[in-house]
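Visitor: Okay, so here is input07.txt, and as you'll see once you scroll down, it has compact mmCIF, C-alpha atoms (C1' of nucleotides).
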# COMPACT_ATOMS: atom_id res chain seq x y z
CA MET A 1 -18.91 -30.60 -73.12
CA GLU A 2 -16.49 -29.33 -70.51
CA LYS A 3 -16.34 -25.78 -69.29
CA VAL A 4 -12.74 -25.30 -70.27
CA ASP A 5 -13.54 -25.68 -73.93
CA VAL A 6 -15.37 -22.38 -74.11
CA PHE A 7 -12.15 -20.61 -75.00
CA ASP A 8 -11.63 -23.04 -77.81
CA LEU A 9 -15.16 -22.37 -79.07
CA ILE A 10 -14.58 -18.64 -79.08
CA GLU A 11 -11.30 -18.92 -80.92
CA ARG A 12 -12.84 -21.13 -83.58
CA MET A 13 -15.78 -18.78 -84.02
CA SER A 14 -13.37 -15.91 -84.39
CA ALA A 15 -11.41 -17.81 -87.03
CA LEU A 16 -14.55 -18.45 -89.04
CA ILE A 17 -15.67 -14.84 -88.77
CA ARG A 18 -12.24 -13.63 -89.80
CA SER A 19 -12.05 -15.86 -92.84
CA GLU A 20 -15.50 -14.67 -93.87
CA GLU A 21 -14.59 -11.04 -93.33
CA ARG A 22 -11.40 -11.53 -95.26
CA LYS A 23 -13.37 -12.39 -98.39
CA LYS A 24 -15.21 -9.08 -98.21
CA CYS A 25 -12.10 -7.16 -97.31
CA THR A 26 -9.86 -8.35 -100.10
CA GLU A 27 -12.26 -6.83 -102.61
CA LEU A 28 -11.62 -3.48 -100.95
CA GLY A 29 -7.91 -4.08 -100.54
CA LEU A 30 -8.11 -4.17 -96.77
CA GLN A 31 -7.62 -6.53 -93.86
CA PRO A 32 -10.27 -7.33 -91.26
CA VAL A 33 -8.35 -5.38 -88.66
CA HIS A 34 -8.51 -2.26 -90.82
CA LEU A 35 -12.27 -2.31 -90.80
CA GLN A 36 -12.28 -2.94 -87.07
CA VAL A 37 -10.12 0.12 -86.57
CA MET A 38 -12.23 2.38 -88.76
CA ASP A 39 -15.43 1.06 -87.23
CA TYR A 40 -14.06 1.83 -83.78
CA LEU A 41 -12.99 5.33 -84.81
CA SER A 42 -16.48 6.01 -86.12
CA ARG A 43 -17.97 5.04 -82.78
CA CYS A 44 -15.55 6.33 -80.13
CA ASN A 45 -15.48 9.66 -78.32
CA ARG A 46 -12.72 12.24 -78.01
CA TYR A 47 -11.22 10.58 -74.92
CA SER A 48 -10.83 7.29 -76.75
CA ASP A 49 -9.54 8.13 -80.21
CA THR A 50 -5.88 7.41 -79.45
CA PRO A 51 -3.58 4.55 -80.49
CA ALA A 52 -3.36 3.46 -76.87
CA ALA A 53 -7.13 3.10 -76.56
CA LEU A 54 -7.26 1.19 -79.83
CA THR A 55 -4.54 -1.13 -78.60
CA ASN A 56 -6.58 -1.85 -75.53
CA TYR A 57 -9.81 -2.24 -77.45
CA LEU A 58 -8.44 -4.67 -80.01
CA GLY A 59 -6.28 -6.60 -77.56
CA MET A 60 -3.25 -6.25 -79.81
CA THR A 61 0.24 -4.93 -79.19
CA ARG A 62 1.19 -1.29 -79.59
CA GLY A 63 3.56 -2.09 -82.42
CA THR A 64 0.92 -3.83 -84.47
CA VAL A 65 -1.59 -1.03 -84.00
CA SER A 66 1.04 1.52 -84.94
CA GLN A 67 1.73 -0.29 -88.21
CA THR A 68 -1.96 -0.60 -88.99
CA LEU A 69 -2.48 3.10 -88.42
CA LEU A 70 0.46 4.00 -90.64
CA LEU A 71 -1.07 2.04 -93.48
CA LEU A 72 -4.53 3.53 -93.03
CA GLU A 73 -2.98 7.00 -92.91
CA LYS A 74 -1.00 6.36 -96.08
CA LYS A 75 -4.19 5.26 -97.82
CA GLY A 76 -5.88 8.47 -96.77
CA TYR A 77 -8.55 6.83 -94.63
CA ILE A 78 -7.60 8.31 -91.28
CA LYS A 79 -5.83 11.38 -89.96
CA LYS A 80 -3.55 11.90 -86.97
CA THR A 81 -3.70 15.07 -84.93
CA ALA A 82 -1.35 15.91 -82.09
CA ASP A 83 -3.00 16.71 -78.77
CA VAL A 84 -2.71 20.39 -77.90
CA ASN A 85 -2.29 19.80 -74.17
CA ASP A 86 -0.22 16.63 -74.13
CA ARG A 87 1.99 16.41 -77.16
CA ARG A 88 2.79 12.76 -76.51
CA MET A 89 -0.74 11.90 -77.48
CA VAL A 90 -2.21 11.51 -80.93
CA HIS A 91 -5.86 11.80 -81.79
CA LEU A 92 -7.19 9.75 -84.67
CA SER A 93 -10.08 10.64 -86.91
CA LEU A 94 -11.83 9.04 -89.83
CA LEU A 95 -11.50 10.91 -93.11
CA VAL A 96 -14.21 11.04 -95.76
CA ASP A 97 -12.61 8.29 -97.83
CA GLY A 98 -12.38 6.08 -94.76
CA ASP A 99 -16.02 6.65 -93.92
CA THR A 100 -17.02 5.85 -97.49
CA ILE A 101 -15.18 2.57 -97.60
CA LEU A 102 -16.39 1.66 -94.13
CA ASN A 103 -20.01 2.09 -95.17
CA LYS A 104 -19.35 0.10 -98.33
CA ALA A 105 -17.98 -2.75 -96.28
CA ARG A 106 -20.49 -2.80 -93.48
CA PRO A 107 -23.69 -4.25 -94.89
CA THR A 108 -22.55 -7.75 -95.73
CA ASP A 109 -23.81 -11.29 -95.50
CA LEU A 110 -22.26 -11.42 -92.08
CA TYR A 111 -25.12 -9.45 -90.67
CA SER A 112 -27.77 -11.72 -92.03
CA GLN A 113 -25.82 -14.63 -90.60
CA ALA A 114 -25.67 -12.91 -87.27
CA SER A 115 -29.41 -12.47 -87.14
CA THR A 116 -29.85 -16.10 -88.07
CA ILE A 117 -27.75 -17.05 -85.11
CA PHE A 118 -29.44 -14.74 -82.69
CA ASN A 119 -33.04 -14.75 -83.78
CA GLU A 120 -34.11 -16.94 -80.91
CA ASN A 121 -33.95 -14.65 -77.93
CA GLU A 122 -32.40 -11.44 -76.80
CA SER A 123 -30.78 -12.82 -73.67
CA GLN A 124 -28.23 -14.69 -75.76
CA GLU A 125 -26.55 -11.42 -76.62
CA ASN A 126 -26.03 -10.71 -72.96
CA VAL A 127 -24.12 -13.96 -72.59
CA PHE A 128 -21.54 -12.65 -75.03
CA VAL A 129 -21.41 -9.22 -73.47
CA ASN A 130 -20.99 -10.75 -70.02
CA ALA A 131 -18.31 -13.12 -71.21
CA LEU A 132 -16.32 -10.29 -72.77
CA THR A 133 -16.69 -8.20 -69.64
CA ALA A 134 -15.44 -11.06 -67.49
CA LEU A 135 -12.46 -11.58 -69.78
CA GLN A 136 -11.65 -7.89 -69.74
CA LYS A 137 -11.81 -7.88 -65.98
CA ALA A 138 -9.47 -10.87 -65.78
CA ASN A 139 -7.17 -9.09 -68.22
CA LYS A 140 -7.42 -5.75 -66.43
CA SER A 141 -8.68 -4.22 -69.64
CA GLN A 142 -11.25 -1.44 -69.82
CA SER A 143 -14.85 -2.17 -70.71
CA PHE A 144 -15.33 0.36 -73.51
CA GLY A 145 -19.00 1.04 -72.95
CA LEU A 146 -21.21 3.82 -74.22
CA CYS A 147 -20.61 7.17 -72.55
CA LYS A 148 -24.20 7.60 -71.43
CA THR A 149 -24.17 4.28 -69.56
CA CYS A 150 -21.10 5.24 -67.48
CA LYS A 151 -21.34 5.93 -63.79
CA TYR A 152 -19.59 9.26 -64.29
CA PHE A 153 -22.16 10.40 -66.83
CA THR A 154 -24.06 13.26 -65.23
CA ILE A 155 -27.15 15.16 -66.26
CA THR A 156 -27.22 18.78 -65.13
CA SER A 157 -29.55 21.68 -65.84
CA ASP A 158 -26.98 22.77 -68.41
CA GLY A 159 -26.87 19.42 -70.22
CA PHE A 160 -24.64 16.37 -70.02
CA VAL A 161 -21.33 16.40 -68.16
CA CYS A 162 -18.54 13.85 -67.69
CA GLY A 163 -17.86 13.39 -63.99
CA LEU A 164 -14.24 12.46 -64.65
CA THR A 165 -13.14 15.28 -66.93
CA LYS A 166 -15.82 17.75 -65.79
CA GLU A 167 -16.32 18.62 -69.43
CA ARG A 168 -19.62 19.16 -71.17
CA LEU A 169 -20.90 16.42 -73.44
CA SER A 170 -23.16 16.74 -76.43
CA GLN A 171 -25.96 14.36 -77.28
CA ILE A 172 -23.66 12.77 -79.89
CA ASP A 173 -20.82 12.44 -77.37
CA SER A 174 -23.07 10.50 -75.03
CA GLU A 175 -23.81 7.91 -77.71
CA LYS A 176 -20.15 7.07 -78.31
CA ILE A 177 -17.72 4.52 -76.95
CA CYS A 178 -15.47 5.67 -74.12
CA GLN A 179 -12.36 3.88 -72.88
CA GLU A 180 -12.87 5.27 -69.39
CA HIS A 181 -16.32 3.70 -69.20
CA THR A 182 -17.09 2.46 -65.69
CA VAL A 183 -20.05 0.45 -64.49
CA SER A 184 -22.12 0.63 -61.31
CA MET B 1 -26.36 -2.99 -78.15
CA GLU B 2 -27.18 -4.01 -81.70
CA LYS B 3 -27.30 -7.56 -82.94
CA VAL B 4 -24.63 -6.99 -85.53
CA ASP B 5 -22.00 -6.32 -82.90
CA VAL B 6 -21.89 -9.91 -81.76
CA PHE B 7 -19.16 -10.67 -84.29
CA ASP B 8 -17.14 -7.81 -82.91
CA LEU B 9 -17.59 -9.16 -79.38
CA ILE B 10 -16.38 -12.59 -80.42
CA GLU B 11 -13.33 -11.22 -82.19
CA ARG B 12 -12.37 -9.13 -79.20
CA MET B 13 -12.80 -12.06 -76.83
CA SER B 14 -10.61 -14.14 -79.08
CA ALA B 15 -7.94 -11.44 -79.11
CA LEU B 16 -7.88 -11.33 -75.32
CA ILE B 17 -7.72 -15.10 -75.04
CA ARG B 18 -4.91 -15.23 -77.57
CA SER B 19 -2.83 -12.62 -75.81
CA GLU B 20 -3.31 -14.48 -72.56
CA GLU B 21 -2.40 -17.79 -74.15
CA ARG B 22 0.62 -16.25 -75.76
CA LYS B 23 2.10 -15.45 -72.37
CA LYS B 24 1.95 -19.10 -71.39
CA CYS B 25 3.16 -20.27 -74.76
CA THR B 26 6.23 -18.12 -75.06
CA GLU B 27 7.65 -19.78 -71.96
CA LEU B 28 7.42 -23.08 -73.81
CA GLY B 29 8.64 -21.65 -77.10
CA LEU B 30 5.33 -22.19 -78.83
CA GLN B 31 2.49 -20.24 -80.43
CA PRO B 32 -1.15 -20.51 -79.38
CA VAL B 33 -1.96 -22.32 -82.59
CA HIS B 34 0.59 -25.02 -81.79
CA LEU B 35 -1.20 -25.88 -78.59
CA GLN B 36 -4.51 -25.84 -80.41
CA VAL B 37 -3.15 -28.34 -82.92
CA MET B 38 -1.72 -30.68 -80.31
CA ASP B 39 -4.85 -30.41 -78.21
CA TYR B 40 -6.93 -31.35 -81.23
CA LEU B 41 -4.68 -34.28 -82.07
CA SER B 42 -5.04 -35.57 -78.54
CA ARG B 43 -8.81 -35.52 -78.88
CA CYS B 44 -9.59 -36.56 -82.47
CA ASN B 45 -10.25 -40.01 -83.89
CA ARG B 46 -8.56 -41.85 -86.75
CA TYR B 47 -10.88 -40.36 -89.37
CA SER B 48 -9.98 -36.83 -88.31
CA ASP B 49 -6.22 -36.83 -87.73
CA THR B 50 -5.30 -35.32 -91.12
CA PRO B 51 -4.03 -31.86 -92.10
CA ALA B 52 -7.24 -31.30 -94.04
CA ALA B 53 -9.41 -31.95 -90.99
CA LEU B 54 -7.21 -29.65 -88.94
CA THR B 55 -7.54 -26.95 -91.57
CA ASN B 56 -11.27 -27.22 -91.31
CA TYR B 57 -11.30 -27.36 -87.53
CA LEU B 58 -9.11 -24.32 -87.05
CA GLY B 59 -10.63 -22.31 -89.89
CA MET B 60 -7.20 -21.65 -91.38
CA THR B 61 -5.79 -22.23 -94.83
CA ARG B 62 -4.05 -25.41 -95.88
CA GLY B 63 -0.77 -23.61 -96.34
CA THR B 64 -0.74 -22.18 -92.86
CA VAL B 65 -1.57 -25.51 -91.29
CA SER B 66 1.12 -27.19 -93.37
CA GLN B 67 3.72 -24.77 -92.04
CA THR B 68 2.58 -25.28 -88.47
CA LEU B 69 2.79 -29.04 -88.84
CA LEU B 70 6.27 -28.85 -90.32
CA LEU B 71 7.46 -26.94 -87.30
CA LEU B 72 5.82 -29.30 -84.82
CA GLU B 73 7.32 -32.24 -86.67
CA LYS B 74 10.78 -30.67 -86.61
CA LYS B 75 10.47 -30.14 -82.87
CA GLY B 76 9.58 -33.77 -82.42
CA TYR B 77 6.12 -33.19 -81.02
CA ILE B 78 4.10 -34.89 -83.75
CA LYS B 79 4.60 -37.61 -86.33
CA LYS B 80 3.30 -37.99 -89.89
CA THR B 81 2.27 -41.34 -91.28
CA ALA B 82 1.20 -41.92 -94.86
CA ASP B 83 -2.19 -43.53 -95.32
CA VAL B 84 -1.92 -47.08 -96.65
CA ASN B 85 -5.03 -46.85 -98.81
CA ASP B 86 -4.90 -43.28 -100.07
CA ARG B 87 -1.36 -42.09 -100.49
CA ARG B 88 -2.42 -38.48 -100.78
CA MET B 89 -3.41 -38.55 -97.16
CA VAL B 90 -1.29 -38.10 -94.09
CA HIS B 91 -2.22 -39.16 -90.59
CA LEU B 92 -0.94 -37.14 -87.68
CA SER B 93 -0.18 -38.37 -84.20
CA LEU B 94 1.06 -36.82 -81.03
CA LEU B 95 4.46 -38.04 -79.86
CA VAL B 96 5.48 -38.41 -76.24
CA ASP B 97 7.28 -35.06 -76.15
CA GLY B 98 4.23 -33.37 -77.61
CA ASP B 99 1.96 -34.92 -75.04
CA THR B 100 4.31 -33.86 -72.26
CA ILE B 101 4.43 -30.24 -73.31
CA LEU B 102 0.69 -30.18 -73.93
CA ASN B 103 -0.01 -31.32 -70.39
CA LYS B 104 2.47 -28.79 -69.07
CA ALA B 105 0.64 -26.02 -70.87
CA ARG B 106 -2.91 -27.03 -70.17
CA PRO B 107 -3.63 -26.24 -66.56
CA THR B 108 -3.32 -22.46 -66.62
CA ASP B 109 -5.05 -19.47 -65.19
CA LEU B 110 -7.23 -19.48 -68.23
CA TYR B 111 -9.26 -22.32 -66.85
CA SER B 112 -9.96 -20.65 -63.58
CA GLN B 113 -11.01 -17.59 -65.53
CA ALA B 114 -13.32 -19.70 -67.61
CA SER B 115 -15.06 -21.09 -64.58
CA THR B 116 -15.45 -17.59 -63.22
CA ILE B 117 -17.20 -16.58 -66.40
CA PHE B 118 -19.44 -19.59 -66.57
CA ASN B 119 -20.20 -20.33 -62.98
CA GLU B 120 -23.71 -18.94 -63.22
CA ASN B 121 -25.56 -21.51 -65.25
CA GLU B 122 -24.98 -24.33 -67.65
CA SER B 123 -27.18 -22.98 -70.42
CA GLN B 124 -24.67 -20.23 -71.18
CA GLU B 125 -22.30 -22.80 -72.61
CA ASN B 126 -24.95 -23.92 -75.03
CA VAL B 127 -25.19 -20.41 -76.40
CA PHE B 128 -21.58 -20.65 -77.50
CA VAL B 129 -21.97 -24.12 -78.89
CA ASN B 130 -25.07 -23.07 -80.82
CA ALA B 131 -23.39 -19.96 -82.13
CA LEU B 132 -20.42 -21.94 -83.39
CA THR B 133 -22.70 -24.51 -84.99
CA ALA B 134 -24.65 -21.77 -86.76
CA LEU B 135 -21.46 -20.20 -88.02
CA GLN B 136 -20.15 -23.53 -89.23
CA LYS B 137 -23.39 -24.17 -91.04
CA ALA B 138 -23.20 -20.75 -92.71
CA ASN B 139 -19.62 -21.53 -93.63
CA LYS B 140 -20.42 -25.06 -94.79
CA SER B 141 -17.91 -26.35 -92.30
CA GLN B 142 -18.23 -29.61 -90.41
CA SER B 143 -19.37 -29.66 -86.81
CA PHE B 144 -16.59 -31.79 -85.28
CA GLY B 145 -18.62 -33.41 -82.54
CA LEU B 146 -17.91 -36.39 -80.35
CA CYS B 147 -18.19 -39.71 -82.16
CA LYS B 148 -20.74 -41.15 -79.74
CA THR B 149 -23.13 -38.24 -80.30
CA CYS B 150 -23.20 -38.73 -84.09
CA LYS B 151 -26.26 -40.03 -85.86
CA TYR B 152 -24.16 -42.73 -87.53
CA PHE B 153 -22.93 -44.04 -84.18
CA THR B 154 -24.49 -47.48 -83.77
CA ILE B 155 -24.59 -49.88 -80.86
CA THR B 156 -24.67 -53.53 -81.83
CA SER B 157 -24.47 -56.75 -79.85
CA ASP B 158 -20.81 -56.83 -80.83
CA GLY B 159 -20.06 -53.32 -79.60
CA PHE B 160 -19.92 -49.87 -81.22
CA VAL B 161 -19.93 -49.41 -84.99
CA CYS B 162 -19.65 -46.37 -87.27
CA GLY B 163 -22.58 -46.32 -89.70
CA LEU B 164 -20.52 -44.46 -92.29
CA THR B 165 -17.36 -46.55 -92.43
CA LYS B 166 -18.98 -49.74 -91.06
CA GLU B 167 -15.92 -50.13 -88.87
CA ARG B 168 -15.88 -51.20 -85.26
CA LEU B 169 -15.26 -48.54 -82.66
CA SER B 170 -13.73 -48.94 -79.23
CA GLN B 171 -14.90 -47.17 -76.11
CA ILE B 172 -12.02 -44.72 -76.53
CA ASP B 173 -12.89 -44.09 -80.18
CA SER B 174 -16.41 -43.12 -79.23
CA GLU B 175 -15.14 -40.41 -76.90
CA LYS B 176 -13.10 -38.64 -79.57
CA ILE B 177 -13.75 -35.82 -82.01
CA CYS B 178 -14.80 -36.81 -85.52
CA GLN B 179 -14.83 -34.50 -88.53
CA GLU B 180 -17.67 -36.49 -90.09
CA HIS B 181 -19.86 -35.86 -87.07
CA THR B 182 -23.50 -35.40 -88.07
CA VAL B 183 -26.40 -34.33 -85.90
CA SER B 184 -30.07 -35.39 -85.78
C1' DT C 1 -7.38 -46.89 -121.47
C1' DC C 2 -6.29 -42.53 -120.77
C1' DA C 3 -7.16 -37.61 -120.49
C1' DA C 4 -9.69 -34.37 -117.43
C1' DT C 5 -11.05 -33.32 -112.94
C1' DT C 6 -10.81 -33.27 -108.17
C1' DA C 7 -8.47 -33.70 -103.70
C1' DA C 8 -4.51 -33.57 -100.36
C1' DG C 9 -0.60 -31.63 -99.32
C1' DT C 10 3.65 -28.55 -100.06
C1' DA C 11 6.57 -24.39 -101.36
C1' DT C 12 7.08 -19.63 -101.83
C1' DC C 13 6.24 -14.83 -101.15
C1' DG C 14 4.33 -10.78 -99.13
C1' DA C 15 1.63 -8.78 -95.52
C1' DA C 16 0.45 -8.76 -90.61
C1' DT C 17 1.71 -9.44 -86.04
C1' DC C 18 4.60 -9.74 -81.97
C1' DG C 19 8.20 -8.48 -78.75
C1' DA C 20 11.88 -5.55 -77.65
C1' DT C 21 13.96 -1.31 -77.93
C1' DA C 22 14.22 3.56 -78.87
C1' DT C 23 12.32 8.13 -78.91
C1' DT C 24 9.85 11.89 -77.37
C1' DG C 25 7.30 14.51 -74.08
C1' DA C 26 5.24 15.16 -69.36
C1' DT C 27 5.69 14.95 -64.45
C1' DA C 28 7.87 14.52 -59.98
C1' DA C 29 11.79 14.88 -56.82
C1' DC C 30 15.62 17.08 -55.34
C1' DG D 1 17.06 24.13 -63.06
C1' DT D 2 18.28 19.35 -63.49
C1' DT D 3 17.64 14.69 -63.19
C1' DA D 4 14.79 10.56 -62.75
C1' DT D 5 10.79 8.37 -63.92
C1' DC D 6 6.82 7.37 -66.39
C1' DA D 7 3.64 7.47 -70.41
C1' DA D 8 2.57 7.47 -75.44
C1' DT D 9 4.12 6.25 -79.53
C1' DA D 10 7.40 4.76 -83.22
C1' DT D 11 10.83 1.61 -85.12
C1' DC D 12 12.92 -2.82 -86.19
C1' DG D 13 13.91 -7.79 -86.63
C1' DA D 14 11.78 -12.28 -86.35
C1' DT D 15 7.85 -15.04 -86.88
C1' DT D 16 3.29 -16.30 -88.46
C1' DC D 17 -0.27 -16.46 -91.60
C1' DG D 18 -2.86 -16.13 -96.08
C1' DA D 19 -2.87 -16.26 -101.20
C1' DT D 20 -1.20 -18.43 -104.97
C1' DA D 21 0.90 -21.80 -107.64
C1' DC D 22 2.51 -26.31 -107.85
C1' DT D 23 3.07 -31.60 -107.12
C1' DT D 24 1.25 -35.91 -106.54
C1' DA D 25 -2.43 -39.14 -106.26
C1' DA D 26 -7.19 -40.75 -106.73
C1' DT D 27 -11.47 -40.55 -109.35
C1' DT D 28 -14.42 -39.86 -113.20
C1' DG D 29 -16.05 -40.58 -117.63
C1' DA D 30 -15.95 -40.94 -122.39
Please rewrite the model in this file as structure tokens.

Guide:
Amino acid sequence: MEKVDVFDLIERMSALIRSEERKKCTELGLQPVHLQVMDYLSRCNRYSDTPAALTNYLGMTRGTVSQTLLLLEKKGYIKKTADVNDRRMVHLSLLVDGDTILNKARPTDLYSQASTIFNENESQENVFVNALTALQKANKSQSFGLCKTCKYFTITSDGFVCGLTKERLSQIDSEKICQEHTVS
Amino acid sequence: MEKVDVFDLIERMSALIRSEERKKCTELGLQPVHLQVMDYLSRCNRYSDTPAALTNYLGMTRGTVSQTLLLLEKKGYIKKTADVNDRRMVHLSLLVDGDTILNKARPTDLYSQASTIFNENESQENVFVNALTALQKANKSQSFGLCKTCKYFTITSDGFVCGLTKERLSQIDSEKICQEHTVS
DNA sequence: TCAATTAAGTATCGAATCGATATTGATAAC
DNA sequence: GTTATCAATATCGATTCGATACTTAATTGA
């Protein structure tokens, strides 16, 4: 077992996961990437709900993400809203239909398989998190962590505040994924 | 960090690896999957050099693999040979040009990144191997291990023998990937 | 013996993805 | 102001991949 084969292992795992996901998705008339997008939108904050952030998160090209979003919009699962300050930007949000189908798709056999794989010990999860972080660093990609674990996350007498945007953050905000997430 | 997100982590790692590989590949006029195929062919034994085994190894569909092989054949990188016993089967082999381009593509930045990720301790690699094995088991896919680590691998006074096919195995055979690989 | 079944591989079509280019809006320089 | 530059996104052609149907060959089982 040589070190260099780890990439090969990851790619093969991904292929297996995808083919398994595809089975579930075809019943709903979707592709795996569509669920990934909607799952992300359900878990990201207002700084990270743009096509650009999605592109970065998924590691795909802008063109591909744009096409995916068009399809999801046409199906009535997501909505695009122009930014009021910067009209180049688009904010994405999950519509009710999208949320419904996402919840229908989520609890699958995949999850029971996952627990089978990772029932031994907790530290195994960290290996995957660390590996992804290292890859993102090598790729100059953001880490996409939870808001409340960011170094700019600040607790004041007034509540939570983002040290980057200086804006106030609700409890719910702090639990979401942020593309600007920074560690240490 | 919930357990169920591990699949998401793996898919995102794979996406990053692919986009990185793609950069190297486009220079050579190839796709990531083409290198995967040729790499596999350079490392598999005579029981595992068929389109069906490749399909299983890569987790793709037969049709997709067939297309990929057609292209590689047209480019003169691989060769197809009909099986003498079972004329449904095709054996694949890497041609000189294929081997050349494979070696040109192999030593990339990816490998130095890999060592960065896994320089801490050896046991991390096992986490990935175990995860893939668990997924393959859930997917009823073969494990594709090295011949000499298979439970049917036998050492006789005459040399190495495969307990399944009863055929003799050379030193080189024993170092290759076999689709019939069985553990314990 | 011969029809049914299974397996390996191929062909075709549509959807998904990539890469390049174009478009639009914001920002900076002059 | 006007122009240059950059950033965010959209558009388009080419390619890849998956689903399905099909061909050919081996196997099974009355």

Visitor: Quick one: pull the distance between CA of Leu41 in chain B and C1' of DT17 in chain C, Å, one decimal.

Guide: 26.0 Å

Visitor: Between CA of Tyr40 in chain A and C1' of DT24 in chain C, measure the distance and give it in Å to one decimal.

Guide: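 Going from CA of Tyr40 in chain A over to C1' of DT24 in chain C, I get 26.7 Å.
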
Visitor: Identify which of the residues A:Lys151, A:Arg46, A:Arg88, A:Lys137 lies closest to chain C, counting only C-alpha atoms (C1' of nucleotides) when measuring atom-to-atom distances.

Guide: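 Comparing A:Lys151, A:Arg46, A:Arg88, A:Lys137 against chain C, the winner is A:Arg88.
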
Visitor: At what distance in Å, to one decimal, does CA of Val183 in chain B lie from CA of His91 in chain B?

Guide: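 Separating CA of His91 in chain B from CA of Val183 in chain B is a distance of 25.1 Å.
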
Visitor: Counting only C-alpha atoms (C1' of nucleotides), which residues of chain D come no farther than 9 Å from chain A, as a PyMOL selection string?

Guide: chain D and resi 7-11

Visitor: Would you export the selected residues with C-alpha atoms (C1' of nucleotides) as a PDB file, in the frame of the given file, please?

Guide:
ATOM      1  C1'  DA D   7       3.640   7.470 -70.410  1.00  0.00           C
ATOM      2  C1'  DA D   8       2.570   7.470 -75.440  1.00  0.00           C
ATOM      3  C1'  DT D   9       4.120   6.250 -79.530  1.00  0.00           C
ATOM      4  C1'  DA D  10       7.400   4.760 -83.220  1.00  0.00           C
ATOM      5  C1'  DT D  11      10.830   1.610 -85.120  1.00  0.00           C
TER       6       DT D  11
END

Visitor: Would you mind listing, for every residue of chain C within 9 Å of chain A, the two atoms forming the shortest contact and the distance between them in Å to one decimal, using all atoms listed in the file, sorted by chain and ascending residue number, as CSV?

Guide:
residue,atom,partner,partner_atom,distance
C:DA16,C1',A:Thr64,CA,7.9
C:DT17,C1',A:Thr64,CA,5.9
C:DC18,C1',A:Thr61,CA,7.1
C:DG19,C1',A:Gly63,CA,8.7
C:DT24,C1',A:Arg88,CA,7.2
C:DG25,C1',A:Arg88,CA,5.4
C:DA26,C1',A:Asp86,CA,7.4

Visitor: Write out as a ChimeraX atom specification each polymer residue whose atoms come within 10 Å of DA4 in chain D, counting only C-alpha atoms (C1' of nucleotides); drop sequence neighbours fewer than 3 positions from it.

Guide: /C:28-30
